[in-house]
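Q: You'll find target-v3.tsv just under this line, and it carries TSV, C-alpha atoms and all ligand atoms.
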chain	number	residue	atom	x	y	z
A	1	MET	CA	61.86	59.10	-94.39
A	2	PRO	CA	59.94	62.22	-93.38
A	3	GLU	CA	59.27	64.57	-96.30
A	4	LEU	CA	57.35	67.84	-96.34
A	5	PRO	CA	53.91	66.31	-95.52
A	6	GLU	CA	55.26	64.39	-92.52
A	7	VAL	CA	57.24	67.39	-91.25
A	8	GLU	CA	54.18	69.61	-91.61
A	9	ALA	CA	52.20	67.12	-89.47
A	10	ALA	CA	55.00	67.23	-86.87
A	11	ARG	CA	55.05	71.05	-87.02
A	12	ALA	CA	51.30	71.21	-86.39
A	13	LEU	CA	51.72	68.80	-83.47
A	14	ALA	CA	54.54	70.87	-81.95
A	15	GLU	CA	52.36	73.97	-82.38
A	16	ARG	CA	49.48	72.33	-80.50
A	17	TRP	CA	51.73	71.35	-77.58
A	18	THR	CA	54.02	74.34	-77.16
A	19	VAL	CA	52.78	77.68	-78.51
A	20	GLY	CA	51.91	80.20	-75.80
A	21	ARG	CA	53.52	78.03	-73.12
A	22	THR	CA	56.80	78.46	-71.27
A	23	ILE	CA	59.53	75.82	-71.31
A	24	VAL	CA	60.22	74.71	-67.70
A	25	ALA	CA	62.63	71.81	-68.32
A	26	ALA	CA	64.46	70.06	-71.12
A	27	ASP	CA	66.58	66.97	-71.63
A	28	ASP	CA	69.46	67.67	-74.02
A	29	ALA	CA	71.74	64.88	-72.75
A	30	ASP	CA	72.03	63.13	-76.12
A	31	GLU	CA	75.31	64.65	-77.32
A	32	TRP	CA	74.99	63.16	-80.79
A	33	VAL	CA	71.50	64.43	-81.60
A	34	CYS	CA	72.27	67.81	-79.97
A	35	ARG	CA	75.74	68.25	-81.50
A	36	PRO	CA	77.63	70.58	-81.52
A	37	HIS	CA	75.96	71.70	-78.29
A	38	PRO	CA	77.37	70.14	-75.09
A	39	PRO	CA	74.77	68.83	-72.60
A	40	GLY	CA	73.12	71.72	-70.78
A	41	GLU	CA	73.76	74.37	-73.43
A	42	ILE	CA	70.34	74.02	-75.08
A	43	VAL	CA	68.68	73.72	-71.65
A	44	THR	CA	70.26	76.99	-70.50
A	45	ALA	CA	69.18	78.75	-73.68
A	46	ILE	CA	65.54	77.63	-73.73
A	47	VAL	CA	64.32	77.07	-70.15
A	48	GLY	CA	62.22	80.03	-69.03
A	49	ARG	CA	61.46	81.05	-72.62
A	50	ARG	CA	57.94	81.15	-74.02
A	51	VAL	CA	57.23	79.53	-77.40
A	52	GLU	CA	55.86	82.12	-79.84
A	53	SER	CA	55.35	79.95	-82.93
A	54	VAL	CA	56.50	76.82	-84.75
A	55	GLU	CA	57.71	77.44	-88.29
A	56	ARG	CA	58.72	75.23	-91.23
A	57	ILE	CA	60.45	75.54	-94.59
A	58	GLY	CA	60.63	72.26	-96.53
A	59	LYS	CA	61.82	69.54	-94.17
A	60	SER	CA	63.27	72.00	-91.62
A	61	MET	CA	61.23	73.02	-88.58
A	62	TRP	CA	61.94	75.26	-85.63
A	63	LEU	CA	60.37	76.76	-82.54
A	64	VAL	CA	60.53	80.55	-82.28
A	65	LEU	CA	61.12	81.62	-78.67
A	66	ASP	CA	60.18	84.93	-77.04
A	67	ASP	CA	63.77	86.23	-77.08
A	68	GLY	CA	63.88	85.78	-80.87
A	69	SER	CA	66.04	82.68	-80.77
A	70	ARG	CA	65.14	79.54	-82.70
A	71	LEU	CA	65.22	75.90	-81.63
A	72	GLY	CA	65.63	73.70	-84.71
A	73	LEU	CA	64.11	70.20	-84.66
A	74	HIS	CA	65.08	67.98	-87.58
A	75	LEU	CA	63.45	64.55	-87.84
A	76	GLY	CA	66.31	62.95	-89.79
A	77	MET	CA	65.48	59.61	-91.45
A	78	ALA	CA	63.00	58.17	-88.96
A	79	GLY	CA	62.40	60.60	-86.10
A	80	ARG	CA	59.00	61.79	-84.97
A	81	LEU	CA	57.52	64.12	-82.43
A	82	VAL	CA	55.06	63.00	-79.77
A	83	GLY	CA	53.09	65.19	-77.38
A	84	LEU	CA	52.61	63.69	-73.93
A	85	ALA	CA	49.95	64.93	-71.55
A	86	PRO	CA	50.79	65.81	-67.91
A	87	GLU	CA	51.46	62.70	-65.79
A	88	SER	CA	50.15	60.47	-68.54
A	89	SER	CA	46.65	61.72	-67.82
A	90	GLY	CA	45.64	61.84	-71.46
A	91	LEU	CA	46.35	59.98	-74.65
A	92	PRO	CA	49.66	60.81	-76.32
A	93	ASP	CA	49.41	62.95	-79.44
A	94	THR	CA	51.26	61.11	-82.18
A	95	ALA	CA	49.74	62.74	-85.28
A	96	GLY	CA	48.07	59.45	-86.18
A	97	GLU	CA	50.79	56.84	-85.71
A	98	PRO	CA	50.47	54.92	-82.40
A	99	LEU	CA	53.36	54.66	-79.96
A	100	THR	CA	55.44	51.49	-80.07
A	101	ALA	CA	55.89	49.52	-76.84
A	102	ARG	CA	59.42	50.85	-76.57
A	103	GLU	CA	58.32	54.45	-76.98
A	104	ARG	CA	55.59	53.84	-74.39
A	105	SER	CA	58.20	52.64	-71.87
A	106	ASP	CA	60.02	55.97	-72.24
A	107	TRP	CA	56.83	57.85	-71.56
A	108	SER	CA	57.12	58.17	-67.78
A	109	MET	CA	60.83	59.00	-67.63
A	110	PRO	CA	61.57	62.21	-65.70
A	111	VAL	CA	62.93	65.16	-67.67
A	112	ARG	CA	66.31	66.18	-66.29
A	113	SER	CA	69.20	67.69	-68.14
A	114	GLY	CA	72.32	65.57	-68.28
A	115	SER	CA	70.91	62.97	-65.91
A	116	ARG	CA	70.92	59.88	-68.06
A	117	PRO	CA	73.79	58.06	-69.70
A	118	THR	CA	74.32	58.88	-73.33
A	119	PRO	CA	72.56	56.16	-75.35
A	120	THR	CA	74.92	53.96	-77.31
A	121	GLY	CA	72.55	53.65	-80.25
A	122	LEU	CA	72.76	49.87	-80.08
A	123	PRO	CA	69.46	47.94	-80.25
A	124	GLY	CA	68.02	47.41	-76.80
A	125	GLU	CA	70.22	50.02	-75.15
A	126	GLY	CA	69.56	53.55	-74.15
A	127	SER	CA	66.40	55.49	-74.80
A	128	TRP	CA	64.67	56.32	-78.04
A	129	SER	CA	63.55	59.66	-76.65
A	130	ARG	CA	66.46	61.80	-77.83
A	131	PHE	CA	65.25	65.20	-76.76
A	132	THR	CA	62.40	66.37	-74.54
A	133	ILE	CA	61.00	69.71	-73.51
A	134	GLU	CA	58.49	70.13	-70.69
A	135	LEU	CA	56.02	73.03	-70.74
A	136	ASP	CA	54.47	74.99	-67.87
A	137	ASP	CA	51.17	73.12	-68.27
A	138	GLY	CA	52.95	69.80	-67.61
A	139	GLY	CA	52.81	68.67	-71.24
A	140	ARG	CA	55.91	67.38	-72.99
A	141	LEU	CA	57.16	67.38	-76.53
A	142	VAL	CA	59.45	64.42	-77.22
A	143	LEU	CA	61.65	63.60	-80.22
A	144	PHE	CA	61.51	59.80	-80.57
A	145	ASP	CA	64.18	58.56	-82.92
A	146	LYS	CA	65.13	54.89	-83.01
A	147	ARG	CA	67.85	55.50	-85.61
A	148	ARG	CA	69.23	58.57	-83.85
A	149	LEU	CA	69.59	60.57	-87.08
A	150	GLY	CA	67.46	63.50	-85.98
A	151	ARG	CA	69.04	66.76	-84.94
A	152	VAL	CA	68.32	69.49	-82.40
A	153	ARG	CA	70.12	72.81	-82.88
A	154	LEU	CA	69.97	76.31	-81.54
A	155	ASN	CA	69.52	78.94	-84.25
A	156	PRO	CA	69.92	76.54	-87.21
A	157	ASP	CA	71.28	77.97	-90.46
A	158	LEU	CA	68.36	78.19	-92.88
A	159	SER	CA	70.07	80.33	-95.51
A	160	GLY	CA	70.57	77.45	-97.96
A	161	LEU	CA	66.87	76.64	-98.31
A	162	GLY	CA	64.77	77.67	-101.28
A	163	PRO	CA	61.10	78.59	-100.90
A	164	ASP	CA	58.81	75.94	-99.43
A	165	ALA	CA	57.38	73.56	-102.05
A	166	LEU	CA	53.85	73.96	-100.67
A	167	LEU	CA	53.97	77.76	-100.53
A	168	VAL	CA	56.06	78.73	-103.56
A	169	ASP	CA	54.04	80.76	-106.08
A	170	GLU	CA	53.75	79.77	-109.74
A	171	ASP	CA	56.04	82.44	-111.23
A	172	THR	CA	58.82	81.77	-108.71
A	173	PHE	CA	58.50	78.01	-109.32
A	174	VAL	CA	58.76	78.47	-113.12
A	175	THR	CA	61.88	80.64	-112.76
A	176	ARG	CA	63.67	78.46	-110.22
A	177	VAL	CA	62.86	74.98	-111.54
A	178	GLY	CA	63.01	75.65	-115.28
A	179	ARG	CA	66.71	76.36	-115.62
A	180	GLY	CA	69.87	74.35	-115.88
A	181	VAL	CA	70.84	71.00	-117.31
A	182	LEU	CA	70.12	68.91	-114.21
A	183	PRO	CA	67.58	66.13	-114.72
A	184	LEU	CA	64.12	67.30	-113.67
A	185	LYS	CA	64.06	64.94	-110.69
A	186	ALA	CA	67.38	66.21	-109.33
A	187	ARG	CA	66.20	69.79	-109.83
A	188	LEU	CA	62.97	69.24	-107.87
A	189	MET	CA	64.83	67.51	-105.03
A	190	ASP	CA	67.47	70.26	-104.76
A	191	GLN	CA	66.50	71.90	-101.45
A	192	ALA	CA	68.13	75.18	-102.50
A	193	THR	CA	65.81	75.36	-105.54
A	194	ILE	CA	62.63	74.56	-103.65
A	195	ALA	CA	62.52	72.94	-100.21
A	196	GLY	CA	60.57	69.91	-99.05
A	197	ILE	CA	60.42	67.39	-101.92
A	198	GLY	CA	62.16	64.10	-101.12
A	199	ASN	CA	62.62	60.92	-103.10
A	200	LEU	CA	59.19	59.26	-102.83
A	201	LEU	CA	57.19	62.46	-103.21
A	202	CYS	CA	59.25	63.35	-106.28
A	203	ASP	CA	58.57	59.99	-107.97
A	204	GLU	CA	54.84	60.46	-107.26
A	205	ILE	CA	54.82	64.04	-108.60
A	206	LEU	CA	56.65	63.12	-111.83
A	207	TRP	CA	54.42	60.08	-112.41
A	208	GLN	CA	51.26	62.17	-111.86
A	209	ALA	CA	52.67	64.82	-114.22
A	210	GLN	CA	53.77	62.19	-116.80
A	211	GLN	CA	57.16	63.91	-116.86
A	212	PRO	CA	60.44	62.01	-117.37
A	213	PRO	CA	62.76	62.19	-114.34
A	214	LEU	CA	65.74	62.28	-116.72
A	215	ARG	CA	64.49	65.19	-118.85
A	216	PRO	CA	66.70	68.28	-118.44
A	217	ALA	CA	64.80	70.87	-116.37
A	218	SER	CA	65.43	73.63	-118.92
A	219	ASP	CA	63.78	71.52	-121.67
A	220	LEU	CA	60.31	72.03	-120.17
A	221	SER	CA	58.14	74.75	-121.70
A	222	GLU	CA	56.69	77.47	-119.51
A	223	ALA	CA	53.25	75.87	-119.85
A	224	GLU	CA	54.65	72.52	-118.70
A	225	LEU	CA	56.34	74.18	-115.70
A	226	ARG	CA	53.09	75.93	-114.74
A	227	GLU	CA	51.24	72.62	-114.91
A	228	LEU	CA	54.00	70.95	-112.86
A	229	HIS	CA	53.66	73.64	-110.17
A	230	GLY	CA	49.98	72.72	-109.77
A	231	ILE	CA	50.82	69.01	-109.57
A	232	VAL	CA	53.53	69.61	-106.91
A	233	HIS	CA	50.94	71.38	-104.77
A	234	ALA	CA	48.22	68.79	-105.43
A	235	CYS	CA	50.49	65.80	-104.68
A	236	THR	CA	51.88	67.40	-101.52
A	237	ARG	CA	48.41	68.24	-100.20
A	238	GLU	CA	47.14	64.76	-101.15
A	239	ALA	CA	50.02	63.15	-99.21
A	240	MET	CA	49.06	65.26	-96.17
A	241	VAL	CA	45.40	64.15	-96.45
A	242	ARG	CA	46.33	60.48	-96.94
A	243	GLY	CA	48.81	60.49	-94.05
A	244	GLY	CA	52.19	60.29	-95.77
A	245	VAL	CA	54.15	60.23	-99.01
A	246	HIS	CA	54.32	56.40	-98.90
A	247	LEU	CA	50.56	56.29	-99.70
A	248	GLY	CA	50.87	57.84	-103.19
A	249	ASP	CA	49.29	56.14	-106.22
A	250	VAL	CA	52.55	54.92	-107.80
A	251	ILE	CA	54.61	54.20	-104.67
A	252	GLU	CA	53.61	50.53	-104.26
A	253	HIS	CA	54.57	49.98	-107.91
A	254	ARG	CA	58.18	51.06	-107.35
A	255	LYS	CA	59.35	47.41	-107.60
A	256	LYS	CA	60.94	45.11	-110.13
A	257	GLY	CA	58.33	43.42	-112.31
A	258	GLU	CA	55.64	45.99	-111.45
A	259	HIS	CA	53.63	47.89	-114.05
A	260	CYS	CA	52.37	51.44	-114.35
A	261	PRO	CA	48.92	51.60	-112.71
A	262	ARG	CA	47.78	54.03	-115.44
A	263	CYS	CA	48.96	52.57	-118.76
A	264	GLY	CA	50.26	49.12	-117.81
A	265	ALA	CA	53.80	49.62	-119.18
A	266	GLU	CA	56.72	48.23	-117.20
A	267	MET	CA	58.14	50.30	-114.36
A	268	VAL	CA	61.88	50.96	-114.72
A	269	ARG	CA	64.51	52.23	-112.32
A	270	ALA	CA	67.79	54.08	-112.27
A	271	THR	CA	69.71	56.33	-109.91
A	272	VAL	CA	68.84	59.98	-110.55
A	273	GLY	CA	70.20	62.79	-108.39
A	274	GLY	CA	71.80	60.14	-106.20
A	275	ARG	CA	68.48	58.46	-105.37
A	276	THR	CA	66.73	55.31	-106.57
A	277	THR	CA	64.10	56.49	-109.02
A	278	TRP	CA	61.20	54.57	-110.58
A	279	TRP	CA	59.13	55.65	-113.56
A	280	CYS	CA	56.77	54.41	-116.28
A	281	SER	CA	58.85	53.12	-119.22
A	282	PHE	CA	56.29	54.47	-121.71
A	283	GLU	CA	54.75	57.68	-120.41
A	284	GLN	CA	57.90	58.98	-118.70
A	285	ALA	CA	60.55	57.77	-121.14
A	286	TRP	CA	63.40	60.13	-122.05
A	287	PRO	CA	63.92	60.64	-124.90
A	288	PRO	CA	60.18	60.09	-125.51
A	289	VAL	CA	58.99	56.78	-127.02
A	290	GLU	CA	58.12	57.25	-130.72
A	291	ASP	CA	54.48	56.39	-131.54
B	301	ZN	ZN	52.33	54.56	-117.65
Mind turning this structure into structure tokens?

A:
Amino acid sequence: MPELPEVEAARALAERWTVGRTIVAADDADEWVCRPHPPGEIVTAIVGRRVESVERIGKSMWLVLDDGSRLGLHLGMAGRLVGLAPESSGLPDTAGEPLTARERSDWSMPVRSGSRPTPTGLPGEGSWSRFTIELDDGGRLVLFDKRRLGRVRLNPDLSGLGPDALLVDEDTFVTRVGRGVLPLKARLMDQATIAGIGNLLCDEILWQAQQPPLRPASDLSEAELRELHGIVHACTREAMVRGGVHLGDVIEHRKKGEHCPRCGAEMVRATVGGRTTWWCSFEQAWPPVED
């Protein structure tokens, strides 16, 4: 599932392919991905508009158009953006992950609003390219989404998002994260507190910080919160360098029978904040293990 590092890679890709260019066509025929907009509504709003910038807070990303409107692109559970060169004259820009054969077969499809049947979402039917915009240089930005859980929206509501986890300053982090009785993991994953940390990244952060996921957030001292802020930034940047949150140091040990790669204690799991959580039974125990 895309978390902040993956969405930031997609944002940078969208920036490379769209900023400074004018949208000349779009395919918004997928009524599910584009809901509540009927086919043609997004096309009418964005064709002829120039893309000024591509912005992101947490896992939410949007294009800013020259009339001040915003086109929200949400990757959902498995969506990704691909940049396609004019008439397939260059290699597709996939931010590192190659196209699948199925995505490749969608590559040469013409971009026309409302021209294709709505995909059923069943395997082997319909197209995996859920939304496409074509720019005035002939390039295209395509949302590929096998699971069809991505979302395209005009002027998405961003009011519920806290500050971005990669950009939030230390004092703001200490104030926002260090209050309340929620377990620390649930607090860090609450997108209204800070935006961008998902399940895997959170397990990696808490393991690197040697902090218990079940510890109440308000139990941490100010010094511990300041240290945690640094680790959130370091882990997020490291995931961006490595190419995804799934490549963290503890992620492959999130399995039954696995052991902590630092101290060798057994890894344990429970559901925290509604998500399957793994941690080191010794270093991240709550209450702490007595020596
Ligand atoms: Zn350990």

Q: Which chain A residues have any atom within 6 Å of an atom of ligand ZN 301 (chain B), and for each, what is the nearest pair of atoms with distance in Å to one decimal, counting all atoms listed in the file, rows sorted by chain and number, as a Markdown table?

A:
| residue | atom | partner | partner_atom | distance |
| --- | --- | --- | --- | --- |
| A:Cys260 | CA | B:ZN301 | ZN | 4.5 |
| A:Arg262 | CA | B:ZN301 | ZN | 5.1 |
| A:Cys263 | CA | B:ZN301 | ZN | 4.1 |
| A:Gly264 | CA | B:ZN301 | ZN | 5.8 |
| A:Ala265 | CA | B:ZN301 | ZN | 5.4 |
| A:Cys280 | CA | B:ZN301 | ZN | 4.6 |
| A:Phe282 | CA | B:ZN301 | ZN | 5.7 |
| A:Glu283 | CA | B:ZN301 | ZN | 4.8 |

Q: Go through A:Val168, A:Leu206, A:Val7, A:Leu154 one by one, measure the shortest atom-to-atom distance of each to Gly79 (chain A) using all atoms listed in the file, and give the residue with the smallest value.

A: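 Using all atoms listed in the file, the shortest distance to Gly79 (chain A) belongs to A:Val7.
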
Q: Neighbours of Arg130 (chain A) within 9 Å (only C-alpha atoms; same-chain residues fewer than 2 positions away dropped), as a ChimeraX atom specification?

A: /A:27-30,33-34,119,127-128,132,142-146,148,150

Q: Neighbouring residues of Arg21 (chain A) were defined as those with any atom within 7 Å, considering only C-alpha atoms; residues of the same chain fewer than 6 positions away were excluded. Please report them as a PyMOL selection string.

A: chain A and resi 50-51+135-136

Q: Within 12 Å of (49.9, 61.6, -95.9) (coordinates as in the file), grab all the protein and nucleic acid residues, counting all atoms listed in the file, and write them out as a VMD selection string.

A: chain A and resid 2 to 10 95 to 97 200 to 201 235 to 249

Q: Quick one: of A:Glu258, A:Asp219, A:Glu266, A:Glu15, who's nearest to Leu63 (chain A), counting all atoms listed in the file?

A: A:Glu15
